[in-house]
Amino acid sequence: MKKIPHFLIGSMLAALSSTAWSEVIESTSLAGFGEAKYAPDFRHFDYVNPDAPKYGKMTYARVGTYDNFNRFASRGVSAAGSLEMYDTLMYSPSDEVDTYYPLIAQRVRYSDDYTWMEVDINPDARFHDGTPITAHDVAFSFDKFMKEGVPQYRVYYKEIKSVTAKSDLVVHIEMEVPNREKLFSFAQSSRVLPKHFWQDKNFSEPLSAPPIGSGPYLVSDFKPGQSVTYVRDENYWAQNLPVNVGRHNFEQIQYDYYRDETVMLEAFKAGEFDFRMETSAKFWANSYTGANFDSGYIVKQEIPNERPEPTQAFVFNTKTEVFADPKVREALTYAMDFEWMNDNMFYGQYNRTRSFFQNTEYEAKGLPTDDEKNILTPLKNQIPERVWTAEYHPPVTDGSGRIRSQMRTSFALLKEAGWELKNKVMTNTKTGKPLAFELLIYSPTTERIAIPLQKNLKRLGIDMKIRSVDTTQYIKRLRDRDFDMVSSSYSANAYPSPNLLIVWNSNYIDSTYNTAGVSDPVVDKLTEEIAKNQQHPDKLLPLGRALDRVLQWNFYIIPQWYVGKYRVAMWDKFERPTIIPKYDLAVDTWWISEDKAQKLPEKRR
């Protein structure tokens with residue numbers, strides 16, 4: 001990376017008077033957090049095998065169905081893998097956080113006050129039909145996303161004033177408000193669409209046939225709602241770029257759809273698909289048996305990981321009347337007996353989730369530090385008192401299944417919130433309404449983990465109905481915020497990034513990412529400060545922990561659990577690099593051994 005004094009490129013800055021006193025940084029990488037790991041002349045990532053053979057077919061499975069190929073449509077369910085049909089300007093590897101390297105882009109220039117950035121397009125870049133990828137496609141894509149894309153995109157990139165083509169191969173991004181993270185993330189997150197394909201189509205509508213893409217795979221066959229098959233594009237222009245060396249090693253990738261997890265698992269054991277990452281402790285403990293395991297055709301492995309853990313939980317919709325009161329939400333957390341569930345349902349495989357930064361240094365532990373207090377003190381009157389006085393932990397039981405102590409605590413909290421037990425029904429003292437709500441699910445495995453909670457709530461006089469719908473209806477109701485509670489998860493946070501705005505800030509309340517419907521001035525303030533301080537790791541540490549504490553003590557969720565390892569089963573034909581990247585299993589770096597495959601039944605070779 002080198003800094004170029006602005007007077008050496010006066011012609012460039014003449015049109016940018018607002019940055020007349022800034023410097024221009026020119027680079028082949030963007031580091032959103034810390035320094036870039038790989039030098040400008042790197043040949044491949046450390047966690048790949050650059051000599052991996054390109055061979056064979058990988059078949060995955062998905063639950064549910066799909067009805068279109070437009071990953072960005074405002075309605076419908078898109079086909080698995082449809083997002084990967086489009087490349088981005090830059091690529092972020094699995095062993096770094098928010099660091100980006102050239103893909104469609106060749107190099108970048110930006111002002112050190114982050115008011116603008118220019119991206120040089122690789123002149124070799126092509127769409128699948130051979131049409132060159134140009135700066136005009138990038139500008140068109142931004143405009144299409146802003147006008148017809150999902151609301152999250154428009155809100156997230158509202159600081160971008162314009163994306164224009166200075167020439168066929170130079171894109172200029174101008175910021176309305178300087179913002180380093182938004183400027184950099186645009187290069188990695190925004191997919192580049194072919195203007196000649198999309199200009200006459202409504203981007204918000206589903207697409208019944210595959211579009212023209214630019215990624216390493218293209219659709220070779222599909223059966224609507226049942227399967228979709230991708231074939232490796234032998235003419236893929238970027239296959240030898242450093243970001244792609246050692247990746248995309250399967251000649252074909254297929255996704256088959258099944259109606260539920262149980263049917264899907266039995267299909268795997270029978271040889272209908274190749275690879276499965278297990279999320280159910282019961283299945284992992286009891287169901288991976290049979291002739292194909294005994295013969296060694298299927299192997300089962302637990303692979304440790306160091307990654308930050310997602311926050312899996314029953315999520316309250318705080319916009320509903322029943323869950324508007326944090327005392328009610330807290331009361332319901334006492335009805336989940338994790339210790340009993342872990343012993344009797346999960347075979348002791350899980351740890352209890354307690355943080356939105358689980359397995360990172362940003363997890364709030366102990367009492368607030370002085371730096372955290374300095375952040376939180378101006379907001380003290382708007383923060384739960386226990387943020388200052390206690391370390392948050394979910395309720396703990398003895399695992400016996402008897403939770404009388406927890407029930408007493410729950411009854412007391414509900415009484416404070418204006419509820420009382422009448423004829424074994426928890427009733428609101430003012431309205432006379434019973435405390436009842438619906439848990440919206442789409443998977444039978446979710447119903448299994450919800451039933452113990454449902455039974456304990458019944459003992460409290462609370463009626464939790466479990467409503468199972470198909471994936472299409474589930475997604476629609478989630479988008480419409482037509483639910484009381486869902487079993488969901490928040491993405492893992494390696495560090496406090498501006499993406500937390502989408503998840504928690506009230507400006508994103510219409511986004512389905514803000515599942516809990518949080519609208520809290522303290523949360524708004526903390527997430528905005530996090531976004532402003534991305535260049536100051538010393539400030540992000542107390543900000544992240546402070547946010548974690550505030551979220552914990554507002555009881556937006558009933559925390560569930562995490563496993564801390566990858567549980568994978570596969571037909572024994574794969575090889576993988578010796579290095580596993582910190583943030584992902586990176587199956588896209590695996591390859592099929594022809595020798596191993598030939599020893600398997602013909603269907604799985």
# chains A, B, ... in the order shown; residues from 1 in each chain; ligands from 1

call {"tool": "residues_around", "arguments": {"residues": "range 155-165 of chain A", "least_positions_apart": "2", "cutoff": "6 Å", "atoms": "only C-alpha atoms", "output": "PDB file with all heavy atoms, in the first residue's frame"}}
result
ATOM      1  N   ALA A 135     -17.340  -0.801 -15.689  1.00  0.00           N
ATOM      2  CA  ALA A 135     -17.750   0.131 -14.634  1.00  0.00           C
ATOM      3  C   ALA A 135     -19.224   0.490 -14.778  1.00  0.00           C
ATOM      4  O   ALA A 135     -19.897   0.804 -13.794  1.00  0.00           O
ATOM      5  CB  ALA A 135     -16.882   1.388 -14.692  1.00  0.00           C
ATOM      6  N   HIS A 136     -19.735   0.448 -15.994  1.00  0.00           N
ATOM      7  CA  HIS A 136     -21.151   0.761 -16.223  1.00  0.00           C
ATOM      8  C   HIS A 136     -22.046  -0.291 -15.560  1.00  0.00           C
ATOM      9  O   HIS A 136     -23.128   0.041 -15.044  1.00  0.00           O
ATOM     10  CB  HIS A 136     -21.436   0.836 -17.726  1.00  0.00           C
ATOM     11  CG  HIS A 136     -20.567   1.810 -18.451  1.00  0.00           C
ATOM     12  ND1 HIS A 136     -20.725   3.175 -18.361  1.00  0.00           N
ATOM     13  CD2 HIS A 136     -19.491   1.598 -19.263  1.00  0.00           C
ATOM     14  CE1 HIS A 136     -19.811   3.780 -19.096  1.00  0.00           C
ATOM     15  NE2 HIS A 136     -19.047   2.843 -19.654  1.00  0.00           N
ATOM     16  N   ALA A 139     -22.048   0.568 -11.768  1.00  0.00           N
ATOM     17  CA  ALA A 139     -22.924   1.718 -11.493  1.00  0.00           C
ATOM     18  C   ALA A 139     -24.393   1.326 -11.637  1.00  0.00           C
ATOM     19  O   ALA A 139     -25.244   1.703 -10.820  1.00  0.00           O
ATOM     20  CB  ALA A 139     -22.575   2.860 -12.438  1.00  0.00           C
ATOM     21  N   GLN A 152     -33.150  -3.215   3.187  1.00  0.00           N
ATOM     22  CA  GLN A 152     -31.913  -3.204   3.957  1.00  0.00           C
ATOM     23  C   GLN A 152     -30.766  -2.576   3.182  1.00  0.00           C
ATOM     24  O   GLN A 152     -29.924  -1.866   3.749  1.00  0.00           O
ATOM     25  CB  GLN A 152     -31.513  -4.626   4.372  1.00  0.00           C
ATOM     26  CG  GLN A 152     -32.536  -5.328   5.249  1.00  0.00           C
ATOM     27  CD  GLN A 152     -33.450  -6.205   4.433  1.00  0.00           C
ATOM     28  OE1 GLN A 152     -34.131  -5.715   3.550  1.00  0.00           O
ATOM     29  NE2 GLN A 152     -33.472  -7.502   4.725  1.00  0.00           N
ATOM     30  N   TYR A 153     -30.707  -2.868   1.899  1.00  0.00           N
ATOM     31  CA  TYR A 153     -29.611  -2.344   1.086  1.00  0.00           C
ATOM     32  C   TYR A 153     -29.675  -0.826   1.023  1.00  0.00           C
ATOM     33  O   TYR A 153     -28.653  -0.133   1.207  1.00  0.00           O
ATOM     34  CB  TYR A 153     -29.683  -2.933  -0.322  1.00  0.00           C
ATOM     35  CG  TYR A 153     -28.474  -2.614  -1.181  1.00  0.00           C
ATOM     36  CD1 TYR A 153     -27.409  -3.497  -1.255  1.00  0.00           C
ATOM     37  CD2 TYR A 153     -28.399  -1.433  -1.910  1.00  0.00           C
ATOM     38  CE1 TYR A 153     -26.289  -3.219  -2.049  1.00  0.00           C
ATOM     39  CE2 TYR A 153     -27.293  -1.135  -2.703  1.00  0.00           C
ATOM     40  CZ  TYR A 153     -26.241  -2.035  -2.757  1.00  0.00           C
ATOM     41  OH  TYR A 153     -25.140  -1.739  -3.523  1.00  0.00           O
ATOM     42  N   SER A 167     -15.027   5.807 -16.651  1.00  0.00           N
ATOM     43  CA  SER A 167     -14.670   5.264 -17.957  1.00  0.00           C
ATOM     44  C   SER A 167     -15.178   3.834 -17.980  1.00  0.00           C
ATOM     45  O   SER A 167     -15.817   3.374 -17.015  1.00  0.00           O
ATOM     46  CB  SER A 167     -13.160   5.314 -18.187  1.00  0.00           C
ATOM     47  OG  SER A 167     -12.497   4.421 -17.308  1.00  0.00           O
ATOM     48  N   VAL A 170     -13.225   2.222 -14.907  1.00  0.00           N
ATOM     49  CA  VAL A 170     -12.991   2.943 -13.647  1.00  0.00           C
ATOM     50  C   VAL A 170     -14.330   3.345 -13.026  1.00  0.00           C
ATOM     51  O   VAL A 170     -15.121   4.061 -13.657  1.00  0.00           O
ATOM     52  CB  VAL A 170     -12.112   4.193 -13.835  1.00  0.00           C
ATOM     53  CG1 VAL A 170     -11.929   4.920 -12.494  1.00  0.00           C
ATOM     54  CG2 VAL A 170     -10.753   3.816 -14.405  1.00  0.00           C
ATOM     55  N   VAL A 171     -14.570   2.858 -11.818  1.00  0.00           N
ATOM     56  CA  VAL A 171     -15.787   3.177 -11.070  1.00  0.00           C
ATOM     57  C   VAL A 171     -15.447   4.216 -10.007  1.00  0.00           C
ATOM     58  O   VAL A 171     -14.429   4.088  -9.305  1.00  0.00           O
ATOM     59  CB  VAL A 171     -16.364   1.927 -10.369  1.00  0.00           C
ATOM     60  CG1 VAL A 171     -17.633   2.275  -9.595  1.00  0.00           C
ATOM     61  CG2 VAL A 171     -16.637   0.834 -11.365  1.00  0.00           C
ATOM     62  N   HIS A 172     -16.287   5.207  -9.860  1.00  0.00           N
ATOM     63  CA  HIS A 172     -16.095   6.230  -8.829  1.00  0.00           C
ATOM     64  C   HIS A 172     -17.247   6.159  -7.830  1.00  0.00           C
ATOM     65  O   HIS A 172     -18.414   6.246  -8.209  1.00  0.00           O
ATOM     66  CB  HIS A 172     -16.035   7.628  -9.444  1.00  0.00           C
ATOM     67  CG  HIS A 172     -15.781   8.712  -8.448  1.00  0.00           C
ATOM     68  ND1 HIS A 172     -14.511   9.069  -8.041  1.00  0.00           N
ATOM     69  CD2 HIS A 172     -16.629   9.499  -7.748  1.00  0.00           C
ATOM     70  CE1 HIS A 172     -14.583  10.040  -7.149  1.00  0.00           C
ATOM     71  NE2 HIS A 172     -15.869  10.316  -6.959  1.00  0.00           N
ATOM     72  N   ILE A 173     -16.916   5.993  -6.555  1.00  0.00           N
ATOM     73  CA  ILE A 173     -17.914   5.970  -5.483  1.00  0.00           C
ATOM     74  C   ILE A 173     -17.753   7.240  -4.663  1.00  0.00           C
ATOM     75  O   ILE A 173     -16.676   7.508  -4.128  1.00  0.00           O
ATOM     76  CB  ILE A 173     -17.753   4.738  -4.564  1.00  0.00           C
ATOM     77  CG1 ILE A 173     -17.901   3.442  -5.374  1.00  0.00           C
ATOM     78  CG2 ILE A 173     -18.774   4.772  -3.443  1.00  0.00           C
ATOM     79  CD1 ILE A 173     -16.587   2.795  -5.732  1.00  0.00           C
ATOM     80  N   GLU A 174     -18.790   8.024  -4.601  1.00  0.00           N
ATOM     81  CA  GLU A 174     -18.782   9.292  -3.862  1.00  0.00           C
ATOM     82  C   GLU A 174     -19.668   9.150  -2.625  1.00  0.00           C
ATOM     83  O   GLU A 174     -20.801   8.661  -2.720  1.00  0.00           O
ATOM     84  CB  GLU A 174     -19.307  10.423  -4.744  1.00  0.00           C
ATOM     85  CG  GLU A 174     -19.212  11.798  -4.139  1.00  0.00           C
ATOM     86  CD  GLU A 174     -17.831  12.421  -4.283  1.00  0.00           C
ATOM     87  OE1 GLU A 174     -17.026  11.884  -5.072  1.00  0.00           O
ATOM     88  OE2 GLU A 174     -17.563  13.428  -3.608  1.00  0.00           O
ATOM     89  N   MET A 175     -19.155   9.589  -1.475  1.00  0.00           N
ATOM     90  CA  MET A 175     -19.904   9.466  -0.225  1.00  0.00           C
ATOM     91  C   MET A 175     -20.650  10.756   0.102  1.00  0.00           C
ATOM     92  O   MET A 175     -20.098  11.850  -0.001  1.00  0.00           O
ATOM     93  CB  MET A 175     -18.949   9.122   0.915  1.00  0.00           C
ATOM     94  CG  MET A 175     -18.164   7.831   0.713  1.00  0.00           C
ATOM     95  SD  MET A 175     -19.205   6.360   0.572  1.00  0.00           S
ATOM     96  CE  MET A 175     -19.844   6.242   2.253  1.00  0.00           C
ATOM     97  N   GLU A 176     -21.892  10.604   0.507  1.00  0.00           N
ATOM     98  CA  GLU A 176     -22.649  11.740   1.048  1.00  0.00           C
ATOM     99  C   GLU A 176     -22.094  12.120   2.407  1.00  0.00           C
ATOM    100  O   GLU A 176     -21.908  13.294   2.728  1.00  0.00           O
ATOM    101  CB  GLU A 176     -24.128  11.366   1.165  1.00  0.00           C
ATOM    102  CG  GLU A 176     -25.034  12.510   1.596  1.00  0.00           C
ATOM    103  CD  GLU A 176     -25.320  13.459   0.458  1.00  0.00           C
ATOM    104  OE1 GLU A 176     -25.645  12.982  -0.641  1.00  0.00           O
ATOM    105  OE2 GLU A 176     -25.204  14.678   0.678  1.00  0.00           O
ATOM    106  N   VAL A 177     -21.824  11.079   3.203  1.00  0.00           N
ATOM    107  CA  VAL A 177     -21.205  11.230   4.523  1.00  0.00           C
ATOM    108  C   VAL A 177     -19.992  10.304   4.556  1.00  0.00           C
ATOM    109  O   VAL A 177     -20.129   9.117   4.273  1.00  0.00           O
ATOM    110  CB  VAL A 177     -22.186  10.852   5.655  1.00  0.00           C
ATOM    111  CG1 VAL A 177     -21.515  10.962   7.012  1.00  0.00           C
ATOM    112  CG2 VAL A 177     -23.439  11.708   5.586  1.00  0.00           C
TER     113      VAL A 177
END

call {"tool": "residues_around", "arguments": {"residues": "Phe142 in chain A", "least_positions_apart": "5", "cutoff": "9 Å", "atoms": "only C-alpha atoms", "output": "list in words"}}
result
Asp137, Lys147, Ser162, Val163, Ser190, Arg191, Val192 and Leu193 of chain A

call {"tool": "closest_residue", "arguments": {"among": "A:Phe203, A:Tyr255, A:Tyr490, A:Tyr38", "to": "Pro93 in chain A", "atoms": "only C-alpha atoms"}}
result
A:Tyr38

call {"tool": "residues_around", "arguments": {"residues": "Ala125 in chain A", "least_positions_apart": "6", "cutoff": "10 Å", "atoms": "only C-alpha atoms", "output": "JSON, numbers by chain"}}
result
{"A": [103, 104, 105, 106, 131, 132, 133, 134, 214, 236, 237, 238]}

call {"tool": "residues_around", "arguments": {"residues": "Asp524 in chain A", "least_positions_apart": "5", "cutoff": "12 Å", "atoms": "only C-alpha atoms", "output": "list in words"}}
result
Leu379, Gln382, Pro498, Leu500, Leu501, Ile502, Val503, Trp504, Asn505, Ser506, Asn507, Tyr508, Ile509, Val518, Ser519, Glu529, Ile530, Ala531, Leu547, Val550 and Leu551 of chain A

call {"tool": "residues_around", "arguments": {"residues": "Leu585 in chain A", "least_positions_apart": "4", "cutoff": "9 Å", "atoms": "only C-alpha atoms", "output": "NGL selection string"}}
result
:A and (94 or 303 or 305 or 566 or 580-581 or 589)

call {"tool": "residues_around", "arguments": {"residues": "Ser185 in chain A", "least_positions_apart": "2", "cutoff": "12 Å", "atoms": "only C-alpha atoms", "output": "PyMOL selection string"}}
result
chain A and resi 29-33+88-92+97-101+117+153+156-157+160+173+179-183+187-191+497-499

call {"tool": "write_last_selection", "arguments": {"atoms": "C-alpha atoms", "output": "compact mmCIF listing (two decimals), in the first residue's frame"}}
result
# COMPACT_ATOMS: atom_id res chain seq x y z
CA SER A 29 -6.41 -4.65 -0.82
CA LEU A 30 -8.76 -3.03 1.68
CA ALA A 31 -8.42 -3.69 5.41
CA GLY A 32 -11.59 -2.86 7.29
CA PHE A 33 -10.13 -4.03 10.61
CA THR A 88 -18.14 -9.02 -6.26
CA LEU A 89 -15.47 -6.41 -6.83
CA MET A 90 -13.30 -7.89 -4.08
CA TYR A 91 -13.24 -11.06 -1.97
CA SER A 92 -12.84 -11.57 1.79
CA VAL A 97 -11.92 -10.21 9.35
CA ASP A 98 -13.15 -7.63 6.85
CA THR A 99 -10.09 -7.64 4.62
CA TYR A 100 -10.68 -7.66 0.88
CA TYR A 101 -8.57 -8.67 -2.13
CA MET A 117 -13.04 5.69 -3.77
CA TYR A 153 -29.61 -2.34 1.09
CA TYR A 156 -27.33 0.39 4.81
CA TYR A 157 -25.77 2.28 1.91
CA ILE A 160 -23.21 6.59 -0.59
CA ILE A 173 -17.91 5.97 -5.48
CA ASN A 179 -17.78 6.36 6.15
CA ARG A 180 -14.83 4.00 5.90
CA GLU A 181 -16.75 0.80 6.58
CA LYS A 182 -19.54 1.49 4.09
CA LEU A 183 -17.04 2.55 1.44
CA ALA A 187 -16.35 -3.40 -2.76
CA GLN A 188 -16.89 -6.78 -1.09
CA SER A 189 -20.64 -7.02 -0.48
CA SER A 190 -22.30 -5.64 -3.60
CA ARG A 191 -22.82 -8.14 -6.38
CA SER A 497 -18.70 -4.01 13.22
CA PRO A 498 -21.10 -1.51 11.63
CA ASN A 499 -23.21 -4.50 10.56

call {"tool": "residues_around", "arguments": {"residues": "Ser489 in chain A", "least_positions_apart": "5", "cutoff": "9 Å", "atoms": "only C-alpha atoms", "output": "list in words"}}
result
Pro310, Thr311, Gln312, Ala313, Phe314 and Val315 of chain A

call {"tool": "write_last_selection", "arguments": {"atoms": "all heavy atoms", "output": "compact mmCIF listing (two decimals), in the first residue's frame"}}
result
# COMPACT_ATOMS: atom_id res chain seq x y z
N PRO A 310 -22.41 -18.02 16.66
CA PRO A 310 -23.68 -17.32 16.49
C PRO A 310 -24.49 -17.37 17.78
O PRO A 310 -24.31 -18.27 18.61
CB PRO A 310 -24.38 -18.11 15.38
CG PRO A 310 -23.32 -18.93 14.74
CD PRO A 310 -22.29 -19.20 15.79
N THR A 311 -25.37 -16.41 17.94
CA THR A 311 -26.26 -16.37 19.10
C THR A 311 -27.58 -17.01 18.72
O THR A 311 -28.45 -16.39 18.11
CB THR A 311 -26.47 -14.93 19.58
OG1 THR A 311 -25.20 -14.33 19.85
CG2 THR A 311 -27.33 -14.89 20.84
N GLN A 312 -27.74 -18.28 19.06
CA GLN A 312 -28.96 -19.03 18.74
C GLN A 312 -29.94 -18.83 19.90
O GLN A 312 -29.56 -18.91 21.07
CB GLN A 312 -28.62 -20.50 18.57
CG GLN A 312 -29.77 -21.37 18.12
CD GLN A 312 -29.31 -22.78 17.79
OE1 GLN A 312 -28.39 -22.97 17.00
NE2 GLN A 312 -29.93 -23.75 18.43
N ALA A 313 -31.21 -18.61 19.57
CA ALA A 313 -32.15 -18.23 20.63
C ALA A 313 -33.60 -18.33 20.17
O ALA A 313 -33.90 -18.36 18.98
CB ALA A 313 -31.86 -16.79 21.08
N PHE A 314 -34.49 -18.37 21.15
CA PHE A 314 -35.89 -18.03 20.93
C PHE A 314 -35.96 -16.51 21.00
O PHE A 314 -35.61 -15.91 22.03
CB PHE A 314 -36.80 -18.65 21.98
CG PHE A 314 -36.85 -20.15 21.93
CD1 PHE A 314 -36.24 -20.92 22.92
CD2 PHE A 314 -37.52 -20.80 20.92
CE1 PHE A 314 -36.29 -22.31 22.89
CE2 PHE A 314 -37.58 -22.20 20.87
CZ PHE A 314 -36.96 -22.94 21.86
N VAL A 315 -36.40 -15.87 19.92
CA VAL A 315 -36.35 -14.42 19.81
C VAL A 315 -37.75 -13.84 20.00
O VAL A 315 -38.70 -14.23 19.30
CB VAL A 315 -35.79 -13.98 18.45
CG1 VAL A 315 -35.68 -12.46 18.39
CG2 VAL A 315 -34.42 -14.62 18.22

call {"tool": "select_by_dssp", "arguments": {"residues": "range 351-448 of chain A", "states": "strand (DSSP E)", "output": "PyMOL selection string"}}
result
chain A and resi 351-352+419-422+425-428+436-441

call {"tool": "closest_residue", "arguments": {"among": "A:Ala492, A:Met485, A:Ile403, A:Leu540", "to": "Thr515 in chain A", "atoms": "only C-alpha atoms"}}
result
A:Met485

call {"tool": "atom_distance", "arguments": {"atom1": "CA of Pro434 in chain A", "atom2": "CA of Ile383 in chain A"}}
result
29.3 Å

call {"tool": "select_by_dssp", "arguments": {"residues": "range 352-586 of chain A", "states": "helix (DSSP H, G or I)", "output": "PyMOL selection string"}}
result
chain A and resi 370-382+386-389+404-416+444-459+471-479+500-504+506-508+521-532+537-553

call {"tool": "closest_residue", "arguments": {"among": "A:Phe338, A:Tyr257, A:Trp284, A:Phe268", "to": "Gly401 in chain A", "atoms": "only C-alpha atoms"}}
result
A:Phe338

call {"tool": "closest_residue", "arguments": {"among": "A:Pro542, A:Gly76, A:Pro537, A:Pro242", "to": "Glu205 in chain A", "atoms": "only C-alpha atoms"}}
result
A:Gly76

call {"tool": "atom_distance", "arguments": {"atom1": "CA of Glu391 in chain A", "atom2": "CA of Phe357 in chain A"}}
result
14.8 Å

call {"tool": "closest_residue", "arguments": {"among": "A:Arg43, A:Asp168, A:Asn49, A:Met341", "to": "Asp398 in chain A", "atoms": "only C-alpha atoms"}}
result
A:Met341

call {"tool": "closest_residue", "arguments": {"among": "A:Thr115, A:Asn70, A:Ser400, A:Thr262", "to": "Pro210 in chain A", "atoms": "only C-alpha atoms"}}
result
A:Asn70

call {"tool": "decode", "arguments": {"residues": "range 401-408 of chain A", "atoms": "all heavy atoms", "output": "CSV table (one decimal), in the first residue's frame"}}
result
chain,number,residue,atom,x,y,z
A,401,GLY,N,-35.1,-31.5,36.1
A,401,GLY,CA,-36.4,-31.3,35.5
A,401,GLY,C,-37.3,-30.6,36.4
A,401,GLY,O,-38.4,-30.2,36.0
A,402,ARG,N,-37.0,-30.5,37.7
A,402,ARG,CA,-37.8,-29.8,38.7
A,402,ARG,C,-37.3,-28.3,38.8
A,402,ARG,O,-36.2,-28.1,39.2
A,402,ARG,CB,-37.7,-30.5,40.0
A,402,ARG,CG,-38.3,-31.9,40.0
A,402,ARG,CD,-38.3,-32.5,41.4
A,402,ARG,NE,-36.9,-32.8,41.8
A,402,ARG,CZ,-36.3,-33.9,41.6
A,402,ARG,NH1,-36.9,-34.9,40.8
A,402,ARG,NH2,-35.1,-34.1,42.0
A,403,ILE,N,-38.2,-27.4,38.4
A,403,ILE,CA,-37.7,-26.0,38.4
A,403,ILE,C,-38.6,-25.1,39.2
A,403,ILE,O,-39.0,-24.0,38.9
A,403,ILE,CB,-37.8,-25.5,36.9
A,403,ILE,CG1,-39.2,-25.6,36.3
A,403,ILE,CG2,-36.7,-26.2,36.0
A,403,ILE,CD1,-39.3,-24.8,35.0
A,404,ARG,N,-39.0,-25.6,40.4
A,404,ARG,CA,-39.8,-24.8,41.3
A,404,ARG,C,-39.2,-23.5,41.7
A,404,ARG,O,-39.9,-22.4,41.7
A,404,ARG,CB,-40.1,-25.6,42.6
A,404,ARG,CG,-41.0,-26.8,42.3
A,404,ARG,CD,-41.3,-27.6,43.6
A,404,ARG,NE,-42.1,-28.7,43.4
A,404,ARG,CZ,-42.5,-29.6,44.3
A,404,ARG,NH1,-42.1,-29.4,45.6
A,404,ARG,NH2,-43.3,-30.6,44.0
A,405,SER,N,-37.9,-23.4,41.9
A,405,SER,CA,-37.3,-22.2,42.3
A,405,SER,C,-37.4,-21.2,41.1
A,405,SER,O,-37.7,-20.0,41.3
A,405,SER,CB,-35.8,-22.4,42.7
A,405,SER,OG,-35.1,-21.2,42.9
A,406,GLN,N,-37.1,-21.7,39.9
A,406,GLN,CA,-37.2,-20.8,38.8
A,406,GLN,C,-38.6,-20.3,38.5
A,406,GLN,O,-38.8,-19.2,38.1
A,406,GLN,CB,-36.7,-21.6,37.5
A,406,GLN,CG,-35.2,-21.8,37.5
A,406,GLN,CD,-34.7,-22.9,38.5
A,406,GLN,OE1,-35.5,-23.8,38.9
A,406,GLN,NE2,-33.5,-22.8,38.9
A,407,MET,N,-39.6,-21.2,38.8
A,407,MET,CA,-41.0,-20.8,38.6
A,407,MET,C,-41.4,-19.7,39.6
A,407,MET,O,-42.1,-18.8,39.2
A,407,MET,CB,-41.9,-22.0,38.7
A,407,MET,CG,-41.8,-23.0,37.6
A,407,MET,SD,-42.9,-24.5,37.8
A,407,MET,CE,-44.5,-23.7,37.6
A,408,ARG,N,-40.9,-19.8,40.8
A,408,ARG,CA,-41.2,-18.8,41.8
A,408,ARG,C,-40.7,-17.4,41.3
A,408,ARG,O,-41.3,-16.4,41.5
A,408,ARG,CB,-40.6,-19.1,43.1
A,408,ARG,CG,-41.4,-20.2,43.9
A,408,ARG,CD,-41.0,-20.3,45.3
A,408,ARG,NE,-39.6,-20.8,45.5
A,408,ARG,CZ,-39.2,-22.0,45.6
A,408,ARG,NH1,-40.2,-23.0,45.6
A,408,ARG,NH2,-38.0,-22.3,45.8
